[in-house]
Protein chains: 2
Amino acid sequence: MDISGEMLIGGAGTRGSEAPFRGVDPATGDELDPPFGGAGQAEVERACALAWSACDAYRETGIEARARLLESIGDGIAGIGDALIERTMAETGLPRGRIEGERTRTVGQLRLFAEVLREGSFLEARIDPAMPARTPLPRSDLRMRMIAVGPVAVFGASNFPLAFSVAGGDTASALAAGCPVVVKAHPAHPGTSELVGRAVRDAVAASGLPEGVFALLFGAGNELGAALVADPRIKSVGFTGSRRGGVALMRIAAGRPEPIPVHAEMSSINPVLLMPAALAARGGAIAGAFVGSMTLGAGQFCTNPGLVFAVEGPGLDAFREAAAGAVAASPAQTMLTPGMHAAYRHGVERLRAHPRLEIVARGKPARDGAYQGQAHLFTTDAATFAADADLQEEVFGACSVLIRCPDIATMREQVERLEGQLTVTVQMDEADSSSVRALLPTLERKAGRVLVNGFPTGVEVAHAMVHGGPYPATSDGRTTSVGTLAIRRFLRPVCYQDLPAALLPEALRDGNPLGIWRRIDGKLGRD
Amino acid sequence: MDISGEMLIGGAGTRGSEAPFRGVDPATGDELDPPFGGAGQAEVERACALAWSACDAYRETGIEARARLLESIGDGIAGIGDALIERTMAETGLPRGRIEGERTRTVGQLRLFAEVLREGSFLEARIDPAMPARTPLPRSDLRMRMIAVGPVAVFGASNFPLAFSVAGGDTASALAAGCPVVVKAHPAHPGTSELVGRAVRDAVAASGLPEGVFALLFGAGNELGAALVADPRIKSVGFTGSRRGGVALMRIAAGRPEPIPVHAEMSSINPVLLMPAALAARGGAIAGAFVGSMTLGAGQFCTNPGLVFAVEGPGLDAFREAAAGAVAASPAQTMLTPGMHAAYRHGVERLRAHPRLEIVARGKPARDGAYQGQAHLFTTDAATFAADADLQEEVFGACSVLIRCPDIATMREQVERLEGQLTVTVQMDEADSSSVRALLPTLERKAGRVLVNGFPTGVEVAHAMVHGGPYPATSDGRTTSVGTLAIRRFLRPVCYQDLPAALLPEALRDGNPLGIWRRIDGKLGRD
């Protein structure tokens with residue numbers, strides 16, 4: 001399939017008014033064809049105007065129609081076939097198996113949100129019937145449902161060119177909620193973005209929905225994203241990326257005449273706690289699995305385990321030895337972009353230069369001239385970690401720091417000092433139970449997901465998943481960007497008081513025509 | 001009951017380290033005894049430290065224990081008896097009937113949240129069971145529940161000395177959610193605050209809960225609130241008050257090293273739309289009910305109807321004439337504070353000085369020297385309203401502006417120009433249905449509650465209520481400050497992956513020991 005380099009605004013492709021840029025093959029550093037037009041203020045204006053004009057109609061599209069749109073987008077993405085896989089591989093350096101898996105995940109996410117729509121609980125329909133005879137005052141008829149917040153700006157993530165990008169989780173949940181979406185493609189994979197964007201655009205058109213439901217903008221710098229978040233027609237933002245980028249968007253959003261929420265998933269070092277009994281019983285096995293998680297995908301996951309706490313002792317020595325071996329055997333891997341490769345090297349250099357950190361092991365060296373990340377495992381003691389807040393800074397890539405603690409109390413103190421995290425993982429055995437029970441309240445406060453005897457990479461798209469967590473893991477720990485609960489971030493409640501039956505939205509009509517779960521006078525049921 | 005003038009930090013009363021202040025009887029302007037100590041940094045520090053230390057234990061208190069705490073607080077408030085009513089009347093100038101009704105509402109809110117706790121849906125328990133045989137990858141056991149966000153700062157509102165104050169809606173929902181609460185009492189009713197605060201403190205103590213679960217601070221200036229919102233141990237804020245105050249707190253919260261959500265309910269002029277058929281059929285009757293809503297409680301409600309849109313014609317003339325009569329007959333009423341009285345007079349003067357506004361009617365004049373608000377109804381045309389954004393500024397009190405529109409299209413344009421609102425009201429008859437249907441998407445976008453043939457004052461505490469709305473009605477239109485959904489603002493989701501059964505929170509254990517609604521593999525039920 002040809003890639004045109006055109007943005008998608010209002011159904012038609014368009015060249016941008018700003019300087020063009022190209023994708024880069026990170027395996028070679030070579031620029032890829034074609035050039036992509038850059039969006040300027042004119043394109044932001046048009047995309048937002050169309051999204052705004054589509055807003056009222058799209059949010060009242062029936063839930064079946066929206067479910068079909070999502071499925072149709074999924075079919076369209078699957079239908080691009082190998083052209084998508086190959087372009088994504090070329091733009092990201094990620095291996096075929098990973099990209100194919102990510103495509104499956106992306107299509108699966110869209111289908112899961114179609115199920116969420118049909119199930120209907122996301123509407124949170126509530127009815128408190130009128131009580132005309134109540135004293136001293138009668139009660140009005142009150143009915144509540146959730147409606148879409150309005151157009152959403154979605155920022156494609158560099159590290160998931162499909163699943164967190166143009167038709168990724170944020171787009172799926174926003175479209176499911178009834179929000180038009182304006183995507184800013186990540187400049188690291190513009191061709192991938194165009195291919196997926198066309199699948200979305202075509203599905204919108206084939207569904208007979210307003211063309212403003214979806215737009216795709218390209219831009220290599222920060223201006224485009226800033227302009228998008230500042231636009232008064234944008235009512236919410238979905239972002240996955242760096243802490244600096246996320247915080248910049250939060251500031252813009254908070255400084256608008258009408259502040260809006262930003263859902264930014266930004267920064268997490270995903271601590272792993274190795275409890276003494278587990279370490280003593282299977283330190284070597286834990287090390288193997290840990291290094292597998294740490295080096296997976298060149299460590300370029302939001303949930304990459306960048307910090308390990310363990311109590312000193314023979315178990316830790318076994319872990320350290322086995323981890324050193326596994327790291328040393330791990331091949332260098334092409335990173336997503338030359339820029340991320342440079343940032344990783346810089347982050348590793350910072351740790352190497354730290355006077356109180358020592359290297360446990362390094363992975364196989366990078367091929368000359370390639371943008372490959374070499375795995376690094378460092379270690380230090382708890383006192384050093386406690387004394388240096390910079391050691392909490394994320395190094396995005398296959399790099400981790402093992403913190404040796406004299407005892408569990410010290411480990412707990414260190415965890416208490418951590419910033420908010422997406423995940424925290426505990427490796428434990430039966431004999432560690434009471435220690436872990438005592439730690440749990442701290443772990444819950446620190447993270448959106450608490451794992452036992454697994455590793456944090458691999459985020460299941462499910463109903464009970466939370467891919468979120470206290471700041472700075474995300475801008476707002478009350479939501480998730482993965483899983484079905486994600487739809488809620490793009491919804492707001494509206495109450496209808498004494499509306500005539502003919503004017504009520506379908507979800508709130510007597511007789512429950514949608515057959516959904518509703519709360520009548522506080523009682524949940526399918527009346 | 002004696003009023004000591006002491007704050008409540010950690011169970012014991014305490015004098016503040018800042019200059020004391022006194023309540024004022026707004027009927028006379030006289031200062032009331034006793035003086036109240038003002039909280040400084042030392043008191044903020046102690047209150048927040050205690051709240052933080054109570055946080056983990058309190059949020060894991062069983063739902064039955066928390067329900068009983070709320071009921072016990074309600075009993076305690078009821079048990080203060082007439083001393084509370086009299087002190088509140090003296091500090092607010094509100095009449096006995098209103099205060100007694102507000103007490104009933106306050107106790108009712110606490111009891112309603114006790115029901116919400118026992119019902120258990122607020123926990124949003126979700127379980128996705130493990131699928132060890134799934135290919136290509138097994139699925140882990142995933143379980144999600146909501147947990148409390150942490151200590152909450154609650155700002156008492158001036159206009160609801162009981163229902164939106166020390167033990168008002170925000171405190172009830174935060175305590176229900178499992179959050180310790182630090183209240184900044186509104187300086188307009190410190191004695192009322194102390195009496196209610198003691199009831200809360202005593203209930204916490206009698207329930208055997210940590211003393212840090214509740215604190216009450218006094219302060220006459222803005223420094224106390226600013227220090228509270230800036231404290232790193234405070235994780236959320238509930239505020240009802242002025243736009244300037246709310247926006248100031250939003251800025252502080254957004255500028256923290258760890259930004260936190262602010263739930264500020266700030267500013268709304270609650271437009272009322274008079275549709276032509278309704279106006280023609282019953283313009284006079286609508287006018288009477290409208291003026292009743294506009295002058296209720298001296299107009300000191302967040303939902304006071306400060307703006308009326310109507311299509312010009314004979315129906316409007318009848319409405320205007322009847323409204324003029326009703327306004328002229330309405331007595332001046334004591335306002336909540338001398339400061340609010342001055343602000344109201346200033347707001348009315350601003351409208352009177354407007355060259356294109358005319359006065360429809362004024363209420364009976366204020367008694368000399370009393371802080372009484374005189375009702376005012378103004379009118380102008382749509383073009384004037386459209387040309388002057390200042391006319392959207394809330395004048396807090398019994399003041400409203402009638403906007404004459406040449407047709408419904410103009411009315412709609414004017415509504416489209418409005419900022420976010422708590423409510424929007426439509427007075428309509430059958431023949432107005434198609435016009436209202438066309439307006440509805442705009443009304444939903446503008447407000448948290450859409451009313452037909454009622455008036456917006458009177459906010460039912462119910463499951464389907466939304467007392468919220470787009471900015472600047474509130475800081476975040478995705479929540480409500482009245483009704484059972486309010487608990488959600490103080491909760492965040494946590495996912496537990498492969499936790500051993502013995503470590504799981506009760507809400508997520510196999511066999512559903514709490515007997516609550518849970519979502520298993522996406523299916524809602526009471527397994």
# chains A, B, ... in the order shown; residues from 1 in each chain; ligands from 1

call {"tool": "closest_atom_pairs", "arguments": {"of": "segment 17-93 of chain A", "to": "segment 185-192 of chain A", "cutoff": "8 Å", "atoms": "only C-alpha atoms", "output": "tab-separated table"}}
result
residue	atom	partner	partner_atom	distance
A:Arg22	CA	A:Pro190	CA	7.6
A:Gly23	CA	A:Ala188	CA	5.9
A:Val24	CA	A:Ala188	CA	7.0
A:Phe36	CA	A:Pro190	CA	7.3
A:Leu84	CA	A:Thr192	CA	6.4
A:Arg87	CA	A:Thr192	CA	6.0
A:Thr88	CA	A:Thr192	CA	5.4
A:Glu91	CA	A:His189	CA	5.3
A:Thr92	CA	A:His189	CA	6.8

call {"tool": "interface_residues", "arguments": {"of": "chain A", "to": "chain B", "cutoff": "6 Å", "atoms": "only C-alpha atoms", "output": "list in words"}}
result
Arg126, Ile127, Leu142, Arg143, Met144, Gly448, Arg449, Val450, Leu451, Val452, His463, Ala464, Met465, Val466, Arg478, Arg492, Val494, Cys495, Tyr496, Gln497, Asp498, Leu499 and Gly522 of chain A

call {"tool": "residues_around", "arguments": {"residues": "segment 278-290 of chain B", "least_positions_apart": "5", "cutoff": "6 Å", "atoms": "only C-alpha atoms", "output": "ChimeraX atom specification"}}
result
/B:315,318-319,322-323,428-429

call {"tool": "select_by_dssp", "arguments": {"residues": "segment 26-229 of chain A", "states": "strand (DSSP E or B)", "output": "JSON, numbers by chain"}}
result
{"A": [30, 31, 36, 37, 38, 125, 126, 127, 128, 131, 139, 142, 143, 144, 145, 146, 147, 148, 152, 153, 154, 155, 181, 182, 183, 184, 214, 215, 216, 217]}

call {"tool": "select_by_dssp", "arguments": {"residues": "segment 149-371 of chain B", "states": "alpha helix (DSSP H)", "output": "ChimeraX atom specification"}}
result
/B:169-177,190-206,223-230,243-255,276-295,314-328,338-352

call {"tool": "atom_distance", "arguments": {"atom1": "atom CA of Leu316 of chain B", "atom2": "atom CA of Glu393 of chain B"}}
result
24.0 Å

call {"tool": "atom_distance", "arguments": {"atom1": "atom CA of Cys48 of chain A", "atom2": "atom CA of Leu117 of chain A"}}
result
25.2 Å

call {"tool": "residues_around", "arguments": {"residues": "Glu102 of chain B", "least_positions_apart": "6", "cutoff": "8 Å", "atoms": "only C-alpha atoms", "output": "list in words"}}
result
Phe160, Leu162 and Ala163 of chain B

call {"tool": "write_last_selection", "arguments": {"atoms": "C-alpha atoms", "output": "PDB file, in the first residue's frame"}}
result
ATOM      1  CA  PHE B 160     -24.623  26.103  53.481  1.00  0.00           C
ATOM      2  CA  LEU B 162     -24.274  22.671  57.612  1.00  0.00           C
ATOM      3  CA  ALA B 163     -24.851  20.810  54.329  1.00  0.00           C
TER       4      ALA B 163
END

call {"tool": "decode", "arguments": {"residues": "segment 422-448 of chain A", "atoms": "N, CA and C atoms", "output": "PDB file, in the first residue's frame"}}
result
ATOM      1  N   LEU A 422       3.558   3.106  38.065  1.00  0.00           N
ATOM      2  CA  LEU A 422       2.527   2.307  37.403  1.00  0.00           C
ATOM      3  C   LEU A 422       2.366   0.962  38.102  1.00  0.00           C
ATOM      4  N   THR A 423       3.491   0.365  38.453  1.00  0.00           N
ATOM      5  CA  THR A 423       3.445  -0.972  39.038  1.00  0.00           C
ATOM      6  C   THR A 423       4.443  -1.082  40.176  1.00  0.00           C
ATOM      7  N   VAL A 424       4.156  -2.021  41.051  1.00  0.00           N
ATOM      8  CA  VAL A 424       5.170  -2.471  41.993  1.00  0.00           C
ATOM      9  C   VAL A 424       5.009  -3.988  42.097  1.00  0.00           C
ATOM     10  N   THR A 425       6.145  -4.656  42.074  1.00  0.00           N
ATOM     11  CA  THR A 425       6.147  -6.113  41.993  1.00  0.00           C
ATOM     12  C   THR A 425       6.799  -6.690  43.234  1.00  0.00           C
ATOM     13  N   VAL A 426       6.239  -7.768  43.722  1.00  0.00           N
ATOM     14  CA  VAL A 426       6.813  -8.453  44.877  1.00  0.00           C
ATOM     15  C   VAL A 426       7.111  -9.898  44.487  1.00  0.00           C
ATOM     16  N   GLN A 427       8.322 -10.326  44.728  1.00  0.00           N
ATOM     17  CA  GLN A 427       8.659 -11.743  44.611  1.00  0.00           C
ATOM     18  C   GLN A 427       8.683 -12.298  46.026  1.00  0.00           C
ATOM     19  N   MET A 428       7.801 -13.234  46.289  1.00  0.00           N
ATOM     20  CA  MET A 428       7.642 -13.702  47.674  1.00  0.00           C
ATOM     21  C   MET A 428       7.335 -15.191  47.729  1.00  0.00           C
ATOM     22  N   ASP A 429       7.617 -15.777  48.873  1.00  0.00           N
ATOM     23  CA  ASP A 429       7.184 -17.139  49.166  1.00  0.00           C
ATOM     24  C   ASP A 429       6.273 -17.078  50.385  1.00  0.00           C
ATOM     25  N   GLU A 430       5.668 -18.196  50.689  1.00  0.00           N
ATOM     26  CA  GLU A 430       4.749 -18.305  51.823  1.00  0.00           C
ATOM     27  C   GLU A 430       5.327 -17.630  53.082  1.00  0.00           C
ATOM     28  N   ALA A 431       6.585 -17.894  53.337  1.00  0.00           N
ATOM     29  CA  ALA A 431       7.199 -17.383  54.570  1.00  0.00           C
ATOM     30  C   ALA A 431       7.341 -15.859  54.577  1.00  0.00           C
ATOM     31  N   ASP A 432       7.187 -15.244  53.408  1.00  0.00           N
ATOM     32  CA  ASP A 432       7.278 -13.776  53.345  1.00  0.00           C
ATOM     33  C   ASP A 432       5.929 -13.101  53.582  1.00  0.00           C
ATOM     34  N   SER A 433       4.881 -13.898  53.770  1.00  0.00           N
ATOM     35  CA  SER A 433       3.520 -13.344  53.762  1.00  0.00           C
ATOM     36  C   SER A 433       3.307 -12.203  54.740  1.00  0.00           C
ATOM     37  N   SER A 434       3.741 -12.403  55.968  1.00  0.00           N
ATOM     38  CA  SER A 434       3.417 -11.359  56.940  1.00  0.00           C
ATOM     39  C   SER A 434       4.178 -10.076  56.618  1.00  0.00           C
ATOM     40  N   SER A 435       5.403 -10.196  56.110  1.00  0.00           N
ATOM     41  CA  SER A 435       6.135  -8.989  55.703  1.00  0.00           C
ATOM     42  C   SER A 435       5.412  -8.291  54.562  1.00  0.00           C
ATOM     43  N   VAL A 436       4.940  -9.058  53.600  1.00  0.00           N
ATOM     44  CA  VAL A 436       4.276  -8.447  52.447  1.00  0.00           C
ATOM     45  C   VAL A 436       2.955  -7.826  52.875  1.00  0.00           C
ATOM     46  N   ARG A 437       2.242  -8.498  53.786  1.00  0.00           N
ATOM     47  CA  ARG A 437       0.981  -7.925  54.274  1.00  0.00           C
ATOM     48  C   ARG A 437       1.227  -6.543  54.888  1.00  0.00           C
ATOM     49  N   ALA A 438       2.306  -6.430  55.627  1.00  0.00           N
ATOM     50  CA  ALA A 438       2.617  -5.144  56.246  1.00  0.00           C
ATOM     51  C   ALA A 438       3.018  -4.097  55.209  1.00  0.00           C
ATOM     52  N   LEU A 439       3.587  -4.545  54.106  1.00  0.00           N
ATOM     53  CA  LEU A 439       4.012  -3.615  53.050  1.00  0.00           C
ATOM     54  C   LEU A 439       2.856  -3.157  52.165  1.00  0.00           C
ATOM     55  N   LEU A 440       1.803  -3.967  52.070  1.00  0.00           N
ATOM     56  CA  LEU A 440       0.754  -3.735  51.066  1.00  0.00           C
ATOM     57  C   LEU A 440       0.165  -2.320  51.066  1.00  0.00           C
ATOM     58  N   PRO A 441      -0.179  -1.758  52.221  1.00  0.00           N
ATOM     59  CA  PRO A 441      -0.752  -0.403  52.181  1.00  0.00           C
ATOM     60  C   PRO A 441       0.182   0.600  51.498  1.00  0.00           C
ATOM     61  N   THR A 442       1.475   0.448  51.723  1.00  0.00           N
ATOM     62  CA  THR A 442       2.428   1.337  51.054  1.00  0.00           C
ATOM     63  C   THR A 442       2.428   1.076  49.553  1.00  0.00           C
ATOM     64  N   LEU A 443       2.420  -0.179  49.171  1.00  0.00           N
ATOM     65  CA  LEU A 443       2.475  -0.514  47.744  1.00  0.00           C
ATOM     66  C   LEU A 443       1.245   0.022  47.014  1.00  0.00           C
ATOM     67  N   GLU A 444       0.077  -0.120  47.637  1.00  0.00           N
ATOM     68  CA  GLU A 444      -1.156   0.389  47.020  1.00  0.00           C
ATOM     69  C   GLU A 444      -1.112   1.899  46.858  1.00  0.00           C
ATOM     70  N   ARG A 445      -0.537   2.555  47.836  1.00  0.00           N
ATOM     71  CA  ARG A 445      -0.450   4.020  47.759  1.00  0.00           C
ATOM     72  C   ARG A 445       0.484   4.476  46.662  1.00  0.00           C
ATOM     73  N   LYS A 446       1.471   3.629  46.358  1.00  0.00           N
ATOM     74  CA  LYS A 446       2.508   4.039  45.416  1.00  0.00           C
ATOM     75  C   LYS A 446       2.184   3.691  43.973  1.00  0.00           C
ATOM     76  N   ALA A 447       1.328   2.715  43.746  1.00  0.00           N
ATOM     77  CA  ALA A 447       1.201   2.187  42.380  1.00  0.00           C
ATOM     78  C   ALA A 447      -0.236   1.869  42.007  1.00  0.00           C
ATOM     79  N   GLY A 448      -0.483   1.818  40.710  1.00  0.00           N
ATOM     80  CA  GLY A 448      -1.795   1.437  40.199  1.00  0.00           C
ATOM     81  C   GLY A 448      -1.962  -0.067  40.082  1.00  0.00           C
TER      82      GLY A 448
END
